[in-house]
$ cat start_34.cif   # mmCIF, C-alpha atoms and all ligand atoms
data_model
#
loop_
_atom_site.label_atom_id
_atom_site.label_comp_id
_atom_site.auth_asym_id
_atom_site.auth_seq_id
_atom_site.Cartn_x
_atom_site.Cartn_y
_atom_site.Cartn_z
CA MET A 1 13.32 -18.95 -29.25
CA LEU A 2 10.89 -19.14 -26.34
CA ASN A 3 8.87 -22.34 -26.20
CA SER A 4 6.48 -24.07 -23.79
CA LYS A 5 9.28 -25.94 -22.04
CA ILE A 6 11.13 -22.72 -21.20
CA VAL A 7 7.87 -21.10 -20.02
CA LYS A 8 7.30 -24.04 -17.62
CA GLU A 9 10.89 -23.77 -16.37
CA ILE A 10 10.39 -20.08 -15.60
CA ALA A 11 7.12 -20.87 -13.78
CA SER A 12 8.88 -23.51 -11.72
CA GLU A 13 11.79 -21.16 -10.88
CA LEU A 14 9.21 -18.64 -9.69
CA SER A 15 7.79 -21.35 -7.37
CA PHE A 16 4.44 -21.82 -9.08
CA ASP A 17 2.99 -25.24 -8.31
CA LEU A 18 1.05 -25.54 -11.58
CA CYS A 19 1.54 -24.09 -15.04
CA GLY A 20 -0.24 -24.81 -18.31
CA ILE A 21 -0.73 -23.19 -21.69
CA ALA A 22 -3.89 -22.65 -23.71
CA PRO A 23 -3.64 -21.63 -27.38
CA ILE A 24 -5.98 -18.75 -28.17
CA ALA A 25 -8.28 -20.88 -30.37
CA ARG A 26 -9.51 -22.65 -27.24
CA PHE A 27 -11.25 -19.44 -26.13
CA ASN A 28 -13.60 -19.22 -29.13
CA ASP A 29 -16.59 -20.12 -26.94
CA ALA A 30 -15.75 -17.63 -24.18
CA PRO A 31 -18.32 -14.84 -23.69
CA ASP A 32 -18.09 -11.87 -26.00
CA GLY A 33 -16.02 -9.13 -24.40
CA PHE A 34 -14.24 -11.52 -22.04
CA ARG A 35 -11.93 -13.36 -24.42
CA PRO A 36 -8.17 -12.86 -24.07
CA THR A 37 -8.22 -11.05 -27.44
CA ASP A 38 -10.72 -8.57 -25.96
CA VAL A 39 -8.04 -7.67 -23.41
CA TYR A 40 -5.06 -7.88 -25.76
CA LYS A 41 -5.85 -8.20 -29.45
CA ASP A 42 -2.53 -9.83 -30.43
CA CYS A 43 -2.80 -12.59 -27.84
CA LYS A 44 -1.89 -15.98 -29.30
CA SER A 45 -1.41 -18.03 -26.13
CA VAL A 46 -2.52 -17.82 -22.52
CA ILE A 47 -0.10 -18.97 -19.82
CA VAL A 48 -2.01 -19.98 -16.67
CA PHE A 49 -0.34 -20.84 -13.37
CA ALA A 50 -1.22 -21.35 -9.73
CA LYS A 51 0.15 -21.40 -6.20
CA LYS A 52 -1.13 -23.84 -3.62
CA VAL A 53 -3.00 -22.25 -0.72
CA PRO A 54 -2.34 -23.70 2.78
CA HIS A 55 -5.33 -25.63 4.15
CA GLY A 56 -5.05 -24.75 7.85
CA PRO A 57 -7.23 -21.59 7.86
CA LEU A 58 -10.19 -23.68 6.64
CA TYR A 59 -10.26 -25.24 10.11
CA ALA A 60 -10.06 -22.04 12.16
CA SER A 61 -13.22 -20.93 13.92
CA SER A 62 -12.28 -17.30 13.22
CA PHE A 63 -12.45 -16.16 9.58
CA VAL A 64 -9.58 -13.73 10.10
CA PRO A 65 -6.81 -16.25 9.19
CA TYR A 66 -8.66 -17.34 6.01
CA SER A 67 -9.31 -13.75 4.91
CA HIS A 68 -5.80 -12.56 5.71
CA LEU A 69 -4.10 -15.51 4.03
CA GLY A 70 -6.32 -15.04 0.98
CA ASN A 71 -5.26 -11.41 0.66
CA ILE A 72 -1.56 -12.30 1.00
CA ILE A 73 -1.74 -15.10 -1.57
CA ILE A 74 -3.47 -12.84 -4.08
CA GLN A 75 -0.65 -10.33 -3.64
CA GLU A 76 1.96 -13.08 -3.83
CA VAL A 77 0.57 -14.39 -7.13
CA ASP A 78 0.30 -10.85 -8.50
CA ASN A 79 3.91 -10.15 -7.51
CA LEU A 80 5.11 -13.39 -9.09
CA THR A 81 3.05 -12.60 -12.20
CA LEU A 82 4.92 -9.30 -12.44
CA LYS A 83 8.28 -11.12 -12.24
CA PHE A 84 7.09 -13.64 -14.83
CA THR A 85 6.02 -10.78 -17.12
CA ARG A 86 9.42 -9.11 -16.81
CA LYS A 87 11.23 -12.35 -17.64
CA LEU A 88 9.07 -12.85 -20.73
CA GLU A 89 9.69 -9.27 -21.82
CA ASP A 90 13.44 -9.80 -21.38
CA LEU A 91 13.07 -12.72 -23.81
CA GLY A 92 11.44 -10.45 -26.36
CA VAL A 93 7.83 -11.46 -25.79
CA ARG A 94 4.91 -9.02 -25.43
CA ALA A 95 3.27 -10.14 -22.18
CA VAL A 96 0.05 -8.81 -20.58
CA PRO A 97 -0.43 -9.82 -16.92
CA ILE A 98 -3.95 -10.56 -15.66
CA PRO A 99 -4.88 -9.77 -12.03
CA SER A 100 -5.24 -12.82 -9.82
CA ASP A 101 -8.39 -11.28 -8.30
CA ASP A 102 -9.48 -7.61 -8.29
CA PRO A 103 -9.73 -5.25 -10.09
CA TYR A 104 -12.28 -5.79 -12.83
CA GLU A 105 -14.78 -3.49 -14.50
CA TYR A 106 -17.98 -5.44 -15.20
CA TRP A 107 -20.46 -5.01 -12.36
CA GLU A 108 -24.25 -5.42 -12.11
CA SER A 109 -25.15 -3.72 -8.87
CA ASP A 110 -28.72 -5.14 -8.79
CA ASN A 111 -27.40 -8.70 -8.92
CA LEU A 112 -24.15 -8.04 -7.03
CA TYR A 113 -22.64 -9.71 -10.08
CA GLY A 114 -19.05 -9.05 -11.06
CA ARG A 115 -17.06 -10.60 -13.85
CA ALA A 116 -13.27 -10.61 -14.20
CA ILE A 117 -11.76 -9.38 -17.46
CA ILE A 118 -10.91 -13.04 -18.10
CA SER A 119 -12.20 -15.97 -16.10
CA LEU A 120 -9.05 -17.53 -14.65
CA ARG A 121 -10.97 -20.67 -13.67
CA HIS A 122 -12.02 -21.25 -17.26
CA ALA A 123 -8.57 -20.28 -18.57
CA GLY A 124 -7.07 -22.80 -16.14
CA LYS A 125 -9.37 -25.48 -17.47
CA LEU A 126 -8.42 -24.64 -21.07
CA ALA A 127 -4.73 -24.76 -20.11
CA GLY A 128 -5.08 -28.25 -18.64
CA LEU A 129 -4.73 -27.28 -14.98
CA GLY A 130 -7.95 -28.97 -13.91
CA VAL A 131 -11.70 -29.26 -14.25
CA LEU A 132 -14.60 -27.27 -12.80
CA GLY A 133 -16.55 -28.81 -9.93
CA LYS A 134 -20.22 -28.21 -9.13
CA ASN A 135 -18.99 -25.69 -6.56
CA THR A 136 -17.69 -23.74 -9.63
CA LEU A 137 -14.08 -23.96 -8.39
CA LEU A 138 -11.22 -25.18 -10.54
CA PHE A 139 -10.08 -28.50 -9.21
CA ASN A 140 -6.68 -30.12 -9.95
CA ASP A 141 -6.34 -33.86 -9.43
CA HIS A 142 -3.10 -33.49 -7.41
CA VAL A 143 -3.66 -30.35 -5.38
CA GLY A 144 -7.44 -29.94 -5.31
CA ASN A 145 -9.25 -26.60 -5.21
CA MET A 146 -6.98 -24.78 -2.72
CA ILE A 147 -5.12 -22.85 -5.42
CA GLN A 148 -4.69 -19.20 -6.38
CA LEU A 149 -4.58 -18.65 -10.13
CA GLY A 150 -2.81 -16.13 -12.33
CA ALA A 151 -2.33 -15.71 -16.08
CA ILE A 152 -0.33 -13.88 -18.70
CA LEU A 153 -1.39 -13.24 -22.30
CA VAL A 154 1.43 -13.47 -24.82
CA ASN A 155 1.82 -12.62 -28.50
CA ILE A 156 3.56 -15.87 -29.50
CA ASP A 157 2.31 -19.33 -30.37
CA LEU A 158 3.11 -21.89 -27.69
CA ALA A 159 2.23 -25.58 -27.63
CA GLY A 160 -0.93 -26.15 -25.60
CA ASP A 161 -1.24 -28.62 -22.74
CA PRO A 162 -3.81 -31.41 -22.93
CA ILE A 163 -7.15 -30.46 -21.39
CA ALA A 164 -7.79 -32.53 -18.25
CA THR A 165 -10.31 -35.33 -18.69
CA TYR A 166 -10.70 -36.60 -15.13
CA GLU A 167 -14.05 -36.21 -13.36
CA SER A 168 -14.21 -33.50 -10.70
CA CYS A 169 -17.34 -34.74 -9.00
CA PRO A 170 -18.11 -38.33 -8.05
CA ASP A 171 -21.42 -39.63 -9.43
CA GLY A 172 -24.35 -38.16 -7.55
CA CYS A 173 -22.27 -35.92 -5.28
CA GLU A 174 -24.11 -32.75 -4.32
CA ILE A 175 -22.44 -32.09 -0.98
CA CYS A 176 -21.49 -28.51 -1.84
CA LEU A 177 -24.93 -27.69 -3.24
CA LYS A 178 -26.66 -29.03 -0.15
CA SER A 179 -24.17 -27.42 2.25
CA CYS A 180 -24.41 -23.89 0.87
CA PRO A 181 -26.32 -21.91 3.51
CA THR A 182 -27.86 -19.59 0.90
CA GLU A 183 -28.57 -22.16 -1.84
CA ALA A 184 -26.42 -20.08 -4.17
CA LEU A 185 -25.09 -23.04 -6.17
CA ASP A 186 -26.98 -24.83 -8.92
CA GLY A 187 -24.15 -27.12 -10.06
CA LYS A 188 -23.03 -24.82 -12.87
CA THR A 189 -22.92 -21.31 -11.51
CA VAL A 190 -22.86 -19.41 -8.25
CA MET A 191 -25.59 -16.82 -7.80
CA GLN A 192 -23.46 -13.97 -6.51
CA ARG A 193 -26.58 -12.13 -5.35
CA LEU A 194 -27.07 -14.88 -2.77
CA CYS A 195 -23.44 -15.73 -2.05
CA ARG A 196 -21.85 -12.30 -1.59
CA PRO A 197 -23.95 -10.97 1.30
CA HIS A 198 -23.26 -14.16 3.22
CA SER A 199 -19.61 -14.68 2.34
CA ILE A 200 -18.18 -11.15 2.37
CA TYR A 201 -18.46 -9.02 5.44
CA THR A 202 -17.18 -5.51 6.11
CA HIS A 203 -16.25 -5.11 9.75
CA GLU A 204 -17.17 -1.79 11.39
CA LYS A 205 -13.42 -1.02 11.52
CA GLY A 206 -13.31 -1.33 7.71
CA TYR A 207 -11.74 -4.77 7.30
CA VAL A 208 -13.26 -6.90 4.56
CA LEU A 209 -13.48 -10.50 5.78
CA LYS A 210 -14.46 -13.63 3.88
CA LYS A 211 -16.75 -15.45 6.21
CA CYS A 212 -17.87 -18.46 4.20
CA ASN A 213 -15.78 -21.13 2.51
CA THR A 214 -18.17 -24.02 2.99
CA CYS A 215 -18.42 -25.02 -0.69
CA ARG A 216 -14.63 -25.23 -0.86
CA LYS A 217 -14.11 -27.01 2.44
CA VAL A 218 -16.80 -29.71 2.24
CA CYS A 219 -15.67 -31.01 -1.15
CA PRO A 220 -14.22 -34.52 -0.77
CA ASN A 221 -11.67 -33.59 -3.45
CA ALA A 222 -10.73 -30.24 -1.92
CA PHE A 223 -7.10 -31.35 -1.60
CA GLY A 224 -6.92 -33.59 -4.69
CA ILE A 225 -8.33 -36.94 -5.69
CA LYS A 226 -7.80 -39.33 -2.79
S1 LIG B 1 -19.07 -19.25 -0.33
FE1 LIG B 1 -20.69 -19.96 1.07
S2 LIG B 1 -22.50 -18.80 0.41
FE2 LIG B 1 -21.05 -18.68 -1.25
S3 LIG B 1 -21.56 -20.37 -2.65
FE3 LIG B 1 -19.96 -21.11 -1.23
S4 LIG B 1 -21.09 -22.08 0.45
FE4 LIG B 1 -22.54 -20.77 -0.67
S1 LIG B 2 -18.69 -31.35 -3.10
FE1 LIG B 2 -19.12 -32.98 -4.58
S2 LIG B 2 -20.43 -31.99 -6.13
FE2 LIG B 2 -19.41 -30.35 -4.98
S3 LIG B 2 -17.58 -29.89 -6.18
FE3 LIG B 2 -17.00 -31.37 -4.58
S4 LIG B 2 -17.16 -33.36 -5.59
FE4 LIG B 2 -18.30 -31.88 -6.85
#
$ encode --input "start_34.cif" --output "structure tokens"
Amino acid sequence: MLNSKIVKEIASELSFDLCGIAPIARFNDAPDGFRPTDVYKDCKSVIVFAKKVPHGPLYASSFVPYSHLGNIIIQEVDNLTLKFTRKLEDLGVRAVPIPSDDPYEYWESDNLYGRAIISLRHAGKLAGLGVLGKNTLLFNDHVGNMIQLGAILVNIDLAGDPIATYESCPDGCEICLKSCPTEALDGKTVMQRLCRPHSIYTHEKGYVLKKCNTCRKVCPNAFGIK
């Protein structure tokens, strides 16, 4: 019988750096239409996992390394999620993989506001992987905010991990809010209408580059609690 311990062993074999489990009841306060049961009605547990993202591209003056690495890591996590899904299916579990990034359907063009089918940052929090900082990123005490998340919805009950209780932001810290060039952060949300035009850039040759990572980089806990 599959249990949480076996799930963690599979995640570790697949080289994920973090893995946690959130029972479905923890998503009761999620927005209507964006709960795991809105994606898969028989979902009883959400397995959330993450790969560490190398830090080096944060220090490059060109945004090409950061953009390129980001695209590769998204693909890597999606590919590992597929392998994870197959392993769960081989063990007789119904497993629904969630994209690590795109695609999603909800889009408000006036506000440039998109919403994933499930918020992986919030799922990660509910699975004990970390807490949300004022920069809106999920932050883990050991590895910081340089992580790429993935998740799988399953139709079996699994023991949940404790929700993290450490503080993400030192008292009075507002470094990310003050450093954002477009004042897109208010400490709870990111105003995508302000962030997207500054942080995502389509080159005339068609490449989509991410050209701002300031709120991630300036955080004193970007790589874990020192
Ligand atoms: S990515 Fe840049 S523009 Fe967007 S919220 Fe972060 S600092 Fe602000
Ligand atoms: S820069 Fe400061 S306020 Fe912003 S997320 Fe990091 S610790 Fe929190």
$ atom_distance --input "start_34.cif" --atom1 "CA of Ser168 (chain A)" --atom2 "CA of Lys226 (chain A)"
11.7 Å
$ residues_near_ligand --input "start_34.cif" --ligand "ligand LIG 1 (chain B)" --cutoff "12 Å" --atoms "all atoms listed in the file" --output "PDB file with C-alpha atoms, keeping the file's coordinate frame"
ATOM      1  CA  LYS A 134     -20.220 -28.210  -9.130  1.00  0.00           C
ATOM      2  CA  ASN A 135     -18.990 -25.690  -6.560  1.00  0.00           C
ATOM      3  CA  THR A 136     -17.690 -23.740  -9.630  1.00  0.00           C
ATOM      4  CA  LEU A 137     -14.080 -23.960  -8.390  1.00  0.00           C
ATOM      5  CA  ILE A 175     -22.440 -32.090  -0.980  1.00  0.00           C
ATOM      6  CA  CYS A 176     -21.490 -28.510  -1.840  1.00  0.00           C
ATOM      7  CA  LEU A 177     -24.930 -27.690  -3.240  1.00  0.00           C
ATOM      8  CA  LYS A 178     -26.660 -29.030  -0.150  1.00  0.00           C
ATOM      9  CA  SER A 179     -24.170 -27.420   2.250  1.00  0.00           C
ATOM     10  CA  CYS A 180     -24.410 -23.890   0.870  1.00  0.00           C
ATOM     11  CA  PRO A 181     -26.320 -21.910   3.510  1.00  0.00           C
ATOM     12  CA  THR A 182     -27.860 -19.590   0.900  1.00  0.00           C
ATOM     13  CA  GLU A 183     -28.570 -22.160  -1.840  1.00  0.00           C
ATOM     14  CA  ALA A 184     -26.420 -20.080  -4.170  1.00  0.00           C
ATOM     15  CA  LEU A 185     -25.090 -23.040  -6.170  1.00  0.00           C
ATOM     16  CA  ASP A 186     -26.980 -24.830  -8.920  1.00  0.00           C
ATOM     17  CA  GLY A 187     -24.150 -27.120 -10.060  1.00  0.00           C
ATOM     18  CA  LYS A 188     -23.030 -24.820 -12.870  1.00  0.00           C
ATOM     19  CA  THR A 189     -22.920 -21.310 -11.510  1.00  0.00           C
ATOM     20  CA  VAL A 190     -22.860 -19.410  -8.250  1.00  0.00           C
ATOM     21  CA  MET A 191     -25.590 -16.820  -7.800  1.00  0.00           C
ATOM     22  CA  GLN A 192     -23.460 -13.970  -6.510  1.00  0.00           C
ATOM     23  CA  ARG A 193     -26.580 -12.130  -5.350  1.00  0.00           C
ATOM     24  CA  LEU A 194     -27.070 -14.880  -2.770  1.00  0.00           C
ATOM     25  CA  CYS A 195     -23.440 -15.730  -2.050  1.00  0.00           C
ATOM     26  CA  ARG A 196     -21.850 -12.300  -1.590  1.00  0.00           C
ATOM     27  CA  PRO A 197     -23.950 -10.970   1.300  1.00  0.00           C
ATOM     28  CA  HIS A 198     -23.260 -14.160   3.220  1.00  0.00           C
ATOM     29  CA  SER A 199     -19.610 -14.680   2.340  1.00  0.00           C
ATOM     30  CA  ILE A 200     -18.180 -11.150   2.370  1.00  0.00           C
ATOM     31  CA  TYR A 201     -18.460  -9.020   5.440  1.00  0.00           C
ATOM     32  CA  LYS A 210     -14.460 -13.630   3.880  1.00  0.00           C
ATOM     33  CA  LYS A 211     -16.750 -15.450   6.210  1.00  0.00           C
ATOM     34  CA  CYS A 212     -17.870 -18.460   4.200  1.00  0.00           C
ATOM     35  CA  ASN A 213     -15.780 -21.130   2.510  1.00  0.00           C
ATOM     36  CA  THR A 214     -18.170 -24.020   2.990  1.00  0.00           C
ATOM     37  CA  CYS A 215     -18.420 -25.020  -0.690  1.00  0.00           C
ATOM     38  CA  ARG A 216     -14.630 -25.230  -0.860  1.00  0.00           C
ATOM     39  CA  LYS A 217     -14.110 -27.010   2.440  1.00  0.00           C
ATOM     40  CA  VAL A 218     -16.800 -29.710   2.240  1.00  0.00           C
ATOM     41  CA  CYS A 219     -15.670 -31.010  -1.150  1.00  0.00           C
TER      42      CYS A 219
END
$ atom_distance --input "start_34.cif" --atom1 "CA of Val77 (chain A)" --atom2 "CA of Tyr40 (chain A)"
20.5 Å
$ residues_near_point --input "start_34.cif" --point "(11.4, -13.8, -29.0)" --cutoff "8 Å" --atoms "all atoms listed in the file" --output "PyMOL selection string"
chain A and resi 1-2+91-93
$ atom_distance --input "start_34.cif" --atom1 "atom S3 of ligand LIG 2 (chain B)" --atom2 "CA of Val131 (chain A)"
10.0 Å
$ residues_around --input "start_34.cif" --residues "Ile163 (chain A)" --least-positions-apart "6" --cutoff "10 Å" --atoms "all atoms listed in the file" --output "ChimeraX atom specification"
/A:20-22,124-131
$ write_last_selection --input "start_34.cif" --atoms "C-alpha atoms" --output "JSON list (two decimals), keeping the file's coordinate frame"
[["chain", "number", "residue", "atom", "x", "y", "z"],
["A", 20, "GLY", "CA", -0.24, -24.81, -18.31],
["A", 21, "ILE", "CA", -0.73, -23.19, -21.69],
["A", 22, "ALA", "CA", -3.89, -22.65, -23.71],
["A", 124, "GLY", "CA", -7.07, -22.80, -16.14],
["A", 125, "LYS", "CA", -9.37, -25.48, -17.47],
["A", 126, "LEU", "CA", -8.42, -24.64, -21.07],
["A", 127, "ALA", "CA", -4.73, -24.76, -20.11],
["A", 128, "GLY", "CA", -5.08, -28.25, -18.64],
["A", 129, "LEU", "CA", -4.73, -27.28, -14.98],
["A", 130, "GLY", "CA", -7.95, -28.97, -13.91],
["A", 131, "VAL", "CA", -11.70, -29.26, -14.25]]
$ axis_aligned_box --input "start_34.cif" --around "region 13-31 of chain A" --padding-each-side "6 Å" --output "AutoDock Vina command-line options"
--center_x -3.3 --center_y -20.2 --center_z -18.9 --size_x 42.1 --size_y 22.7 --size_z 35.0
$ residues_around --input "start_34.cif" --residues "Val154 (chain A)" --least-positions-apart "2" --cutoff "6 Å" --atoms "all atoms listed in the file" --output "short mmCIF file (atom, residue, chain, number, x, y, z; two decimals) with C-alpha atoms, in the coordinates of the input"
data_model
loop_
_atom_site.label_atom_id
_atom_site.label_comp_id
_atom_site.auth_asym_id
_atom_site.auth_seq_id
_atom_site.Cartn_x
_atom_site.Cartn_y
_atom_site.Cartn_z
CA CYS A 43 -2.80 -12.59 -27.84
CA SER A 45 -1.41 -18.03 -26.13
CA ARG A 94 4.91 -9.02 -25.43
CA ALA A 95 3.27 -10.14 -22.18
CA ILE A 156 3.56 -15.87 -29.50
#
$ residues_near_point --input "start_34.cif" --point "(-4.6, -25.2, 5.2)" --cutoff "12 Å" --atoms "all atoms listed in the file" --output "number ranges by chain"
A: 52-60, 65-66, 69-70, 143-147, 216-217, 222-223
$ residues_around --input "start_34.cif" --residues "Leu149 (chain A)" --least-positions-apart "5" --cutoff "7 Å" --atoms "all atoms listed in the file" --output "list in words"
Phe49, Ala50, Lys51, Ser100 and Leu120 of chain A
$ closest_residue --input "start_34.cif" --among "A:Ser15, A:Ser109, A:Ser119, A:Thr165" --to "Glu76 (chain A)" --atoms "all atoms listed in the file"
A:Ser15
$ residues_around --input "start_34.cif" --residues "region 29-35 of chain A" --least-positions-apart "6" --cutoff "10 Å" --atoms "all atoms listed in the file" --output "PDB file with C-alpha atoms, keeping the file's coordinate frame"
ATOM      1  CA  LYS A  41      -5.850  -8.200 -29.450  1.00  0.00           C
ATOM      2  CA  CYS A  43      -2.800 -12.590 -27.840  1.00  0.00           C
ATOM      3  CA  TYR A 106     -17.980  -5.440 -15.200  1.00  0.00           C
ATOM      4  CA  ARG A 115     -17.060 -10.600 -13.850  1.00  0.00           C
ATOM      5  CA  ALA A 116     -13.270 -10.610 -14.200  1.00  0.00           C
ATOM      6  CA  ILE A 117     -11.760  -9.380 -17.460  1.00  0.00           C
ATOM      7  CA  ILE A 118     -10.910 -13.040 -18.100  1.00  0.00           C
ATOM      8  CA  SER A 119     -12.200 -15.970 -16.100  1.00  0.00           C
ATOM      9  CA  HIS A 122     -12.020 -21.250 -17.260  1.00  0.00           C
ATOM     10  CA  ALA A 123      -8.570 -20.280 -18.570  1.00  0.00           C
TER      11      ALA A 123
END
$ closest_residue --input "start_34.cif" --among "A:Val208, A:Gln148, A:Asn140, A:Val7" --to "ligand LIG 2 (chain B)" --atoms "only C-alpha atoms and all ligand atoms"
A:Asn140
$ closest_residue --input "start_34.cif" --among "A:Asp90, A:Asp157, A:Asp141, A:Asp17" --to "Asp42 (chain A)" --atoms "only C-alpha atoms"
A:Asp157
$ closest_residue --input "start_34.cif" --among "A:Leu132, A:Val48, A:Ile24, A:Leu88" --to "Ala164 (chain A)" --atoms "only C-alpha atoms"
A:Leu132
$ closest_residue --input "start_34.cif" --among "A:Phe63, A:Trp107, A:Phe27, A:Tyr166" --to "ligand LIG 2 (chain B)" --atoms "all atoms listed in the file"
A:Tyr166
$ closest_residue --input "start_34.cif" --among "A:Gly150, A:Gly133, A:Gly160, A:Pro99" --to "ligand LIG 2 (chain B)" --atoms "all atoms listed in the file"
A:Gly133
$ decode --input "start_34.cif" --residues "region 53-133 of chain A" --atoms "C-alpha atoms" --output "compact mmCIF listing (two decimals), in the first residue's frame"
# COMPACT_ATOMS: atom_id res chain seq x y z
CA VAL A 53 17.69 26.35 -9.17
CA PRO A 54 21.40 27.30 -9.52
CA HIS A 55 22.14 30.82 -8.26
CA GLY A 56 24.82 31.88 -10.75
CA PRO A 57 22.56 33.43 -13.43
CA LEU A 58 21.30 35.95 -10.85
CA TYR A 59 24.75 37.57 -11.04
CA ALA A 60 25.05 37.73 -14.83
CA SER A 61 24.70 41.15 -16.44
CA SER A 62 22.91 39.51 -19.38
CA PHE A 63 19.43 38.11 -18.73
CA VAL A 64 19.94 35.35 -21.29
CA PRO A 65 21.44 32.82 -18.80
CA TYR A 66 18.63 33.43 -16.27
CA SER A 67 15.90 33.11 -18.91
CA HIS A 68 17.44 30.05 -20.54
CA LEU A 69 18.09 28.26 -17.25
CA GLY A 70 14.53 29.04 -16.15
CA ASN A 71 13.11 27.44 -19.28
CA ILE A 72 15.28 24.33 -18.87
CA ILE A 73 14.37 23.89 -15.20
CA ILE A 74 10.66 24.18 -15.95
CA GLN A 75 11.06 21.43 -18.55
CA GLU A 76 13.18 19.36 -16.17
CA VAL A 77 10.54 19.54 -13.42
CA ASP A 78 7.77 18.77 -15.92
CA ASN A 79 9.73 15.75 -17.21
CA LEU A 80 10.38 14.50 -13.67
CA THR A 81 6.70 15.07 -12.83
CA LEU A 82 5.81 12.82 -15.76
CA LYS A 83 8.14 10.08 -14.44
CA PHE A 84 6.69 10.52 -10.95
CA THR A 85 3.16 10.21 -12.37
CA ARG A 86 4.05 7.00 -14.19
CA LYS A 87 5.55 5.48 -11.05
CA LEU A 88 2.42 6.33 -9.07
CA GLU A 89 0.22 4.85 -11.78
CA ASP A 90 2.32 1.67 -11.73
CA LEU A 91 1.52 1.47 -8.01
CA GLY A 92 -2.19 1.65 -8.76
CA VAL A 93 -2.75 5.31 -7.90
CA ARG A 94 -4.72 7.77 -10.06
CA ALA A 95 -2.29 10.68 -10.47
CA VAL A 96 -2.90 14.05 -12.19
CA PRO A 97 0.28 16.04 -12.94
CA ILE A 98 0.19 19.84 -12.65
CA PRO A 99 2.37 21.98 -14.96
CA SER A 100 5.34 23.58 -13.24
CA ASP A 101 4.60 26.83 -15.12
CA ASP A 102 2.56 27.33 -18.31
CA PRO A 103 -0.02 26.53 -19.56
CA TYR A 104 -3.02 27.87 -17.68
CA GLU A 105 -6.38 29.19 -18.82
CA TYR A 106 -7.39 32.11 -16.58
CA TRP A 107 -6.30 35.40 -18.11
CA GLU A 108 -7.46 39.01 -17.63
CA SER A 109 -5.97 40.86 -20.57
CA ASP A 110 -6.73 44.34 -19.14
CA ASN A 111 -4.73 43.58 -16.00
CA LEU A 112 -2.20 41.25 -17.64
CA TYR A 113 -3.29 38.93 -14.85
CA GLY A 114 -2.91 35.18 -15.20
CA ARG A 115 -3.65 32.50 -12.67
CA ALA A 116 -2.39 28.91 -12.72
CA ILE A 117 -4.94 26.10 -12.41
CA ILE A 118 -3.50 25.59 -8.92
CA SER A 119 -1.12 27.94 -7.16
CA LEU A 120 2.00 25.85 -6.62
CA ARG A 121 3.39 28.41 -4.18
CA HIS A 122 0.34 28.06 -1.96
CA ALA A 123 0.27 24.28 -2.43
CA GLY A 124 3.93 24.19 -1.38
CA LYS A 125 3.11 26.15 1.74
CA LEU A 126 0.24 23.78 2.58
CA ALA A 127 2.56 20.80 2.03
CA GLY A 128 5.13 22.16 4.47
CA LEU A 129 7.78 23.13 1.92
CA GLY A 130 8.08 26.71 3.12
CA VAL A 131 6.41 30.04 3.75
CA LEU A 132 5.52 32.97 1.50
CA GLY A 133 7.70 36.07 1.67
